[in-house]
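Here the structure is laid out as structure tokens; the discussion comes afterwards.
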Amino acid sequence: MEKITNPEQLSEWKEEILSRRPQYKKTIVVSSGTCGQASGSLPVIDALDEELEKRRLKDTVGVEITGCHGFCELEPNIIIYPEEIFYGKLEPKDIPEIVERTVFGDEVLDSYTYKEPQTGKKSAFQKDIPFYGKQMRLLTGNNFRIDPRSIEDYVRLDGYQALTKVLFDKTSEEVILEIENSGLRGRGGGGFPTGRKWAICRKAKSDEKYVICNADEGDPGAYMDRSLLEGNPHSVIEGMIIGAYAIGATEGYIYVRMEYPLAVKHLMIALEKATQYGFLGKSIMGSEFHFNIHLVEGAGAFVSGEETSLMASIEGKRAFPRQRPPFPAQKGLWGKPTNINNVETWANVPLIINRGADWYSKVGTKKSKGTKIFSLVGKINNTGLVEVPMGITLREIIYDIGGGIKDNKKFKAVQTGGPSGGCIPVEKLDLPIDYDTLAKAGSIMGSGGMIVMDEDTCMVDVARYFLNFTQEESCGKCVPCRIGTKQMVNILTRITEGGGEEGDIKRLKDLSKTIKTGSLCGLGQTAPNPVLTTLRYFRKEYETHIREKSCPALVCKALISYYIEPDKCVGCLLCLKSCPVDAISGERKKVHVIDQDLCIKCGACFDVCPPKVTAVSKYTGKKRKSILKKDSLKRAKR
Amino acid sequence: MEKYLKEFATEQKELIHILHKTQAEYGYISPEVITAISKHLKISESEIYGVLTFYKAFSLEPRGEHIVTVCMGTACHVRGGPQVAEEMERKLNIKVGQTTADNKFTLETVNCLGCCAIGPVVVVDGKYYSQITVKKIDGILKDYKE
């Protein structure tokens, strides 16, 4: 196929791809995004190839390598079509049996099927797995069916049809109206109506305009953009071309963070193919519209996810934010009107054009339309990416989709919105989530990270973690952010180390207020949020740290001690061998003892003590004091 | 060096791209390179220095043969990432950001690699290791010590 120069050619090409597609009896789809590859998907693929070759099944059984399927906990996983049998956590050695018995023998093998952690119920077919049941995979659904390196796969599934519609049947104004009517709001966290943003940029007068895709997904704990870029890069590119047409832009930039090498690789391939087939470049698909996209790699600065910083970074400068207004839509990249949207927002665009604003606006709540991809991580059974309609409750996400808390522990809080967001406690589990309800609860939607925390998580430690993060990532331009966050970290560190003072909570609150009002960009304006929400919902935990020098979750190192219970220890030497500083003494079958002066509280002994024994305990507060006292008395006697 | 820079345009927007390539090629950005880039892009050396020290990706000193990166993302944090980093420091006998005396290893941390489901994550020279505990560290380092 050569360059597409008219809409009919695209339809013909699609037909040709479909007719050329081999009709396999079975197809095995392997999830192979970054998580998949890190968990060993590549050796599994090799084993599949080898086994099928050996059994001369290559003509009847196909292997397709796709991006992430979302169920990261069970990587590497495969789906066997047409039955849609789902097998997870595979190793190369499992492949011969699977090929022999499932692919060849049509037998479902219990040992590889998904088992619900709470009920123990097994589900062999993908559609029966609760993790997928409540999801609405409008954007991520095609990740199962597309080899991200193949433009043919995208075209086969109606790829670039939305672009055709726009270029040949719609004016720019009609496109903007469609997006406005859909109710789509920015998925990067701000939630600004996308259509309105486009309209402002459209109206700005200039000989040059730019569109940017913000793929600097810096929030720790959020990785939906990575999954979209790795698994379906053309959907983002198509969205950008449509946006550029609507706004009247001739150049586009995708700014992707360097920590995502696979996303960069797949994007480069996709951009090259899109150009080769005439979806980018001069006279796109034979129309009078010209547009190019450049790929820019970030260099490891969190602040460059902020829109004005990101533009400075593209220009080859330090990623400093600047005052708004003027907004990027008026004065952006190199001073020209610029429209910047997040990866997930762009990926929604072809979907809206293809299925219409009416259809799209029926999904979600009154003010937040469509679906949102969340990354469900932390102390949860089913970690992974979940795409759900706006308005679903936290309980449904955490318990129905996420399968509840790991190791049957108690739920404590869920952190949304990354370092700009906050912690939502158990009382708010039935909150239907959209942009506005989360803001009301003191957190934000953010980019969609959802970190689940159980009873073993210390909220003061979490607050300190986030403040430490923003303090390190603060670019230093605004004094309240640069120095204020540092002071907040100092206070929080002091509290977690047992030096908390009366008045510290007030100090934290005062500093928060100053930082929020005195900072130029989103980083500073939202930096105190993790502290403010934990203070709002978990104030008692702060007070216990300050007044009783005690960490109820047994996390803060300076406030806890490890202790081997003499009546439980069986003298197995495991902890003794695992101690990195040789602080444990003892002999086989004799009670082991930790030298509290040498102990660095790394927790290695706690982790290795067998579940049946659990002789290593952690103590804090009064109990810790009495144990330490007993311990020193004993040693004095000796 | 002049020859190497010829393939890049002479606009400032090329700066970060050039620094990336140089870092990948030489392992660090030397003073000579800064001078050469300054001439090529016609921007001051101090500006280049400002940019390269702003971003974490670039180093002014040579780094070790193997780069060990421990993820410090939130999900890794609640699953024990800090303990992994501390144990790495003990095992390599250096602090985060330093290089071992024999130039074998440089230890770094990263804010989030986006593989939150399989944390704590450690990356050595681009190879990902998932669900790392303090116990697994010796096994990982062994592969690179020879």
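We name chains A, B, ... following the order of the structure tokens; residues begin at 1 in each chain, and ligands are numbered from 1 as shown.
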| task | May I have the residues of chain B within 6 Å of chain A, counting only C-alpha atoms, written as a ChimeraX atom specification? | result | /B:12-13,15-16,51,55-57,73-75,112-117,128
Please produce a file of those selected residues containing C-alpha atoms, as a PDB file, in the first residue's frame.
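File produced: again38.pdb:
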```pdb
ATOM      1  CA  GLN B  12      18.098  25.957  21.008  1.00  0.00           C
ATOM      2  CA  LYS B  13      15.263  23.418  20.877  1.00  0.00           C
ATOM      3  CA  LEU B  15      19.768  21.343  23.235  1.00  0.00           C
ATOM      4  CA  ILE B  16      18.057  18.675  25.341  1.00  0.00           C
ATOM      5  CA  VAL B  51      19.740  23.401  31.640  1.00  0.00           C
ATOM      6  CA  TYR B  55      17.247  17.854  34.602  1.00  0.00           C
ATOM      7  CA  LYS B  56      17.983  14.585  36.344  1.00  0.00           C
ATOM      8  CA  ALA B  57      18.899  12.805  33.134  1.00  0.00           C
ATOM      9  CA  GLY B  73       7.128   5.853  43.293  1.00  0.00           C
ATOM     10  CA  THR B  74       4.219   5.855  45.716  1.00  0.00           C
ATOM     11  CA  ALA B  75       3.188   2.288  45.022  1.00  0.00           C
ATOM     12  CA  CYS B 112       8.159   6.419  39.149  1.00  0.00           C
ATOM     13  CA  LEU B 113       8.655   4.016  36.285  1.00  0.00           C
ATOM     14  CA  GLY B 114       4.950   3.421  35.859  1.00  0.00           C
ATOM     15  CA  CYS B 115       5.117  -0.301  36.581  1.00  0.00           C
ATOM     16  CA  CYS B 116       3.339   0.240  39.861  1.00  0.00           C
ATOM     17  CA  ALA B 117       1.586  -3.115  39.874  1.00  0.00           C
ATOM     18  CA  TYR B 128      13.449  -4.521  34.878  1.00  0.00           C
TER      19      TYR B 128
END
```
| task | Write out as an MDAnalysis selection string which residues come within 8 Å of range 96-109 of chain B when counting only C-alpha atoms, dropping same-chain ones fewer than 5 positions away. | result | chainID B and resid 63:72 85 88:89 145
| DSSP on the backbone: what in range 10-131 of chain B comes out alpha helix (DSSP H), as number ranges by chain? | B: 15-26, 31-41, 45-54, 74-78, 81-92
I need the chosen residues saved as a short mmCIF file (atom, residue, chain, number, x, y, z; two decimals), in the first residue's frame, with N, CA and C atoms.
```cif
data_model
loop_
_atom_site.label_atom_id
_atom_site.label_comp_id
_atom_site.auth_asym_id
_atom_site.auth_seq_id
_atom_site.Cartn_x
_atom_site.Cartn_y
_atom_site.Cartn_z
N LEU B 15 18.83 21.49 22.12
CA LEU B 15 19.77 21.34 23.24
C LEU B 15 19.56 20.06 24.05
N ILE B 16 18.30 19.84 24.48
CA ILE B 16 18.06 18.68 25.34
C ILE B 16 18.30 17.38 24.57
N HIS B 17 17.93 17.40 23.31
CA HIS B 17 18.17 16.26 22.43
C HIS B 17 19.67 15.96 22.33
N ILE B 18 20.45 17.00 22.13
CA ILE B 18 21.92 16.83 22.04
C ILE B 18 22.48 16.29 23.35
N LEU B 19 21.98 16.85 24.46
CA LEU B 19 22.48 16.39 25.77
C LEU B 19 22.14 14.91 25.99
N HIS B 20 20.93 14.51 25.58
CA HIS B 20 20.54 13.10 25.69
C HIS B 20 21.49 12.20 24.92
N LYS B 21 21.74 12.59 23.67
CA LYS B 21 22.63 11.78 22.81
C LYS B 21 24.04 11.71 23.39
N THR B 22 24.50 12.85 23.89
CA THR B 22 25.85 12.89 24.44
C THR B 22 25.95 12.03 25.69
N GLN B 23 24.94 12.16 26.54
CA GLN B 23 24.91 11.36 27.76
C GLN B 23 24.94 9.86 27.42
N ALA B 24 24.14 9.49 26.41
CA ALA B 24 24.07 8.08 26.02
C ALA B 24 25.41 7.62 25.44
N GLU B 25 26.03 8.50 24.65
CA GLU B 25 27.27 8.15 23.96
C GLU B 25 28.47 8.09 24.89
N TYR B 26 28.62 9.12 25.74
CA TYR B 26 29.83 9.24 26.56
C TYR B 26 29.61 8.93 28.04
N PRO B 31 33.17 19.18 30.33
CA PRO B 31 33.30 20.63 30.06
C PRO B 31 33.59 20.92 28.59
N GLU B 32 34.40 20.04 27.96
CA GLU B 32 34.74 20.26 26.54
C GLU B 32 33.48 20.20 25.68
N VAL B 33 32.59 19.23 26.04
CA VAL B 33 31.35 19.08 25.28
C VAL B 33 30.49 20.33 25.42
N ILE B 34 30.43 20.85 26.65
CA ILE B 34 29.62 22.05 26.87
C ILE B 34 30.12 23.19 25.98
N THR B 35 31.44 23.36 25.92
CA THR B 35 32.01 24.41 25.07
C THR B 35 31.61 24.19 23.61
N ALA B 36 31.72 22.94 23.17
CA ALA B 36 31.40 22.65 21.77
C ALA B 36 29.93 22.92 21.46
N ILE B 37 29.05 22.49 22.39
CA ILE B 37 27.61 22.72 22.16
C ILE B 37 27.33 24.22 22.14
N SER B 38 28.00 24.93 23.04
CA SER B 38 27.81 26.37 23.12
C SER B 38 28.13 27.04 21.79
N LYS B 39 29.22 26.61 21.17
CA LYS B 39 29.61 27.17 19.87
C LYS B 39 28.59 26.78 18.81
N HIS B 40 28.15 25.53 18.86
CA HIS B 40 27.25 25.02 17.84
C HIS B 40 25.89 25.71 17.89
N LEU B 41 25.34 25.88 19.09
CA LEU B 41 23.99 26.45 19.21
C LEU B 41 24.01 27.96 19.41
N GLU B 45 27.65 29.11 27.65
CA GLU B 45 27.96 27.89 28.40
C GLU B 45 27.17 27.84 29.70
N SER B 46 26.99 29.01 30.31
CA SER B 46 26.28 29.02 31.59
C SER B 46 24.83 28.60 31.39
N GLU B 47 24.25 28.99 30.27
CA GLU B 47 22.87 28.59 29.98
C GLU B 47 22.79 27.06 29.83
N ILE B 48 23.74 26.50 29.12
CA ILE B 48 23.76 25.05 28.93
C ILE B 48 23.93 24.34 30.27
N TYR B 49 24.85 24.90 31.06
CA TYR B 49 25.08 24.34 32.40
C TYR B 49 23.79 24.39 33.22
N GLY B 50 23.08 25.50 33.12
CA GLY B 50 21.81 25.66 33.84
C GLY B 50 20.81 24.60 33.43
N VAL B 51 20.71 24.38 32.13
CA VAL B 51 19.74 23.40 31.64
C VAL B 51 20.14 21.99 32.08
N LEU B 52 21.39 21.65 31.92
CA LEU B 52 21.75 20.26 32.17
C LEU B 52 21.74 19.90 33.65
N THR B 53 21.95 20.90 34.51
CA THR B 53 21.85 20.59 35.94
C THR B 53 20.41 20.62 36.42
N PHE B 54 19.53 21.22 35.64
CA PHE B 54 18.11 21.26 36.02
C PHE B 54 17.48 19.88 35.91
N THR B 74 5.07 6.05 44.55
CA THR B 74 4.22 5.85 45.72
C THR B 74 3.90 4.38 45.96
N ALA B 75 3.57 3.69 44.87
CA ALA B 75 3.19 2.29 45.02
C ALA B 75 4.37 1.47 45.51
N CYS B 76 5.56 1.77 44.99
CA CYS B 76 6.76 1.08 45.46
C CYS B 76 7.06 1.48 46.90
N HIS B 77 6.79 2.74 47.23
CA HIS B 77 7.04 3.22 48.59
C HIS B 77 6.23 2.44 49.62
N VAL B 78 4.92 2.28 49.35
CA VAL B 78 4.11 1.58 50.35
C VAL B 78 4.40 0.08 50.37
N GLY B 81 9.81 0.05 48.91
CA GLY B 81 10.88 0.59 48.06
C GLY B 81 12.04 1.19 48.84
N PRO B 82 11.75 2.00 49.89
CA PRO B 82 12.86 2.61 50.62
C PRO B 82 13.79 1.58 51.25
N GLN B 83 13.24 0.47 51.75
CA GLN B 83 14.09 -0.58 52.34
C GLN B 83 15.00 -1.18 51.26
N VAL B 84 14.44 -1.32 50.05
CA VAL B 84 15.24 -1.86 48.95
C VAL B 84 16.40 -0.91 48.63
N ALA B 85 16.11 0.39 48.59
CA ALA B 85 17.15 1.36 48.28
C ALA B 85 18.23 1.35 49.36
N GLU B 86 17.80 1.27 50.63
CA GLU B 86 18.77 1.26 51.72
C GLU B 86 19.67 0.02 51.66
N GLU B 87 19.05 -1.10 51.35
CA GLU B 87 19.82 -2.34 51.27
C GLU B 87 20.82 -2.26 50.10
N MET B 88 20.38 -1.66 48.99
CA MET B 88 21.28 -1.45 47.85
C MET B 88 22.48 -0.62 48.29
N GLU B 89 22.20 0.43 49.05
CA GLU B 89 23.29 1.29 49.53
C GLU B 89 24.27 0.48 50.36
N ARG B 90 23.73 -0.40 51.22
CA ARG B 90 24.61 -1.21 52.06
C ARG B 90 25.40 -2.21 51.22
N LYS B 91 24.69 -2.85 50.29
CA LYS B 91 25.34 -3.89 49.51
C LYS B 91 26.43 -3.31 48.60
N LEU B 92 26.19 -2.14 48.05
CA LEU B 92 27.17 -1.55 47.14
C LEU B 92 28.15 -0.64 47.90
#
```
| task | Per DSSP on the backbone, filter range 245-300 of chain A down to the residues in strand (DSSP E) and report them as a list in words. | result |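 Strand (DSSP E) members of range 245-300 of chain A, listed: Glu251, Gly252, Tyr253, Ile254, Tyr255, Val256, Asn292, Ile293, His294, Leu295, Val296 and Glu297 of chain A.
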Export C-alpha atoms of the chosen residues as a CSV table (one decimal), in the first residue's frame?
```csv
chain,number,residue,atom,x,y,z
A,251,GLU,CA,2.9,21.5,13.9
A,252,GLY,CA,2.4,19.1,16.8
A,253,TYR,CA,4.7,17.9,19.6
A,254,ILE,CA,4.4,14.9,21.8
A,255,TYR,CA,6.4,15.4,25.0
A,256,VAL,CA,7.0,12.0,26.6
A,292,ASN,CA,3.4,17.2,11.3
A,293,ILE,CA,4.2,15.7,14.7
A,294,HIS,CA,7.6,15.8,16.5
A,295,LEU,CA,8.6,13.6,19.4
A,296,VAL,CA,10.4,15.2,22.3
A,297,GLU,CA,11.8,13.2,25.1
```
| query | Neighbours of Lys26 in chain A within 9 Å (only C-alpha atoms; same-chain residues fewer than 3 positions away dropped), as a list in words? | reply |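 Result of the neighbour search: Gln23, Thr60, Val61, Gly62, Val63, Ile80, Tyr81, Pro82, Glu83 and Val103 of chain A.
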| field | Between CA of Leu520 in chain A and CA of Thr416 in chain A, distance in Å (one decimal) | value |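 Taking CA of Leu520 in chain A as the start and CA of Thr416 in chain A as the end point, the length is 22.5 Å.
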| said: Quick one: residues within 10 Å of Glu307 in chain A, only C-alpha atoms, excluding same-chain residues fewer than 2 positions away - as a PyMOL selection string? | reply: chain A and resi 212+214+216+303-305+309-313+319-322+327-328+332-333+339-342+521-522
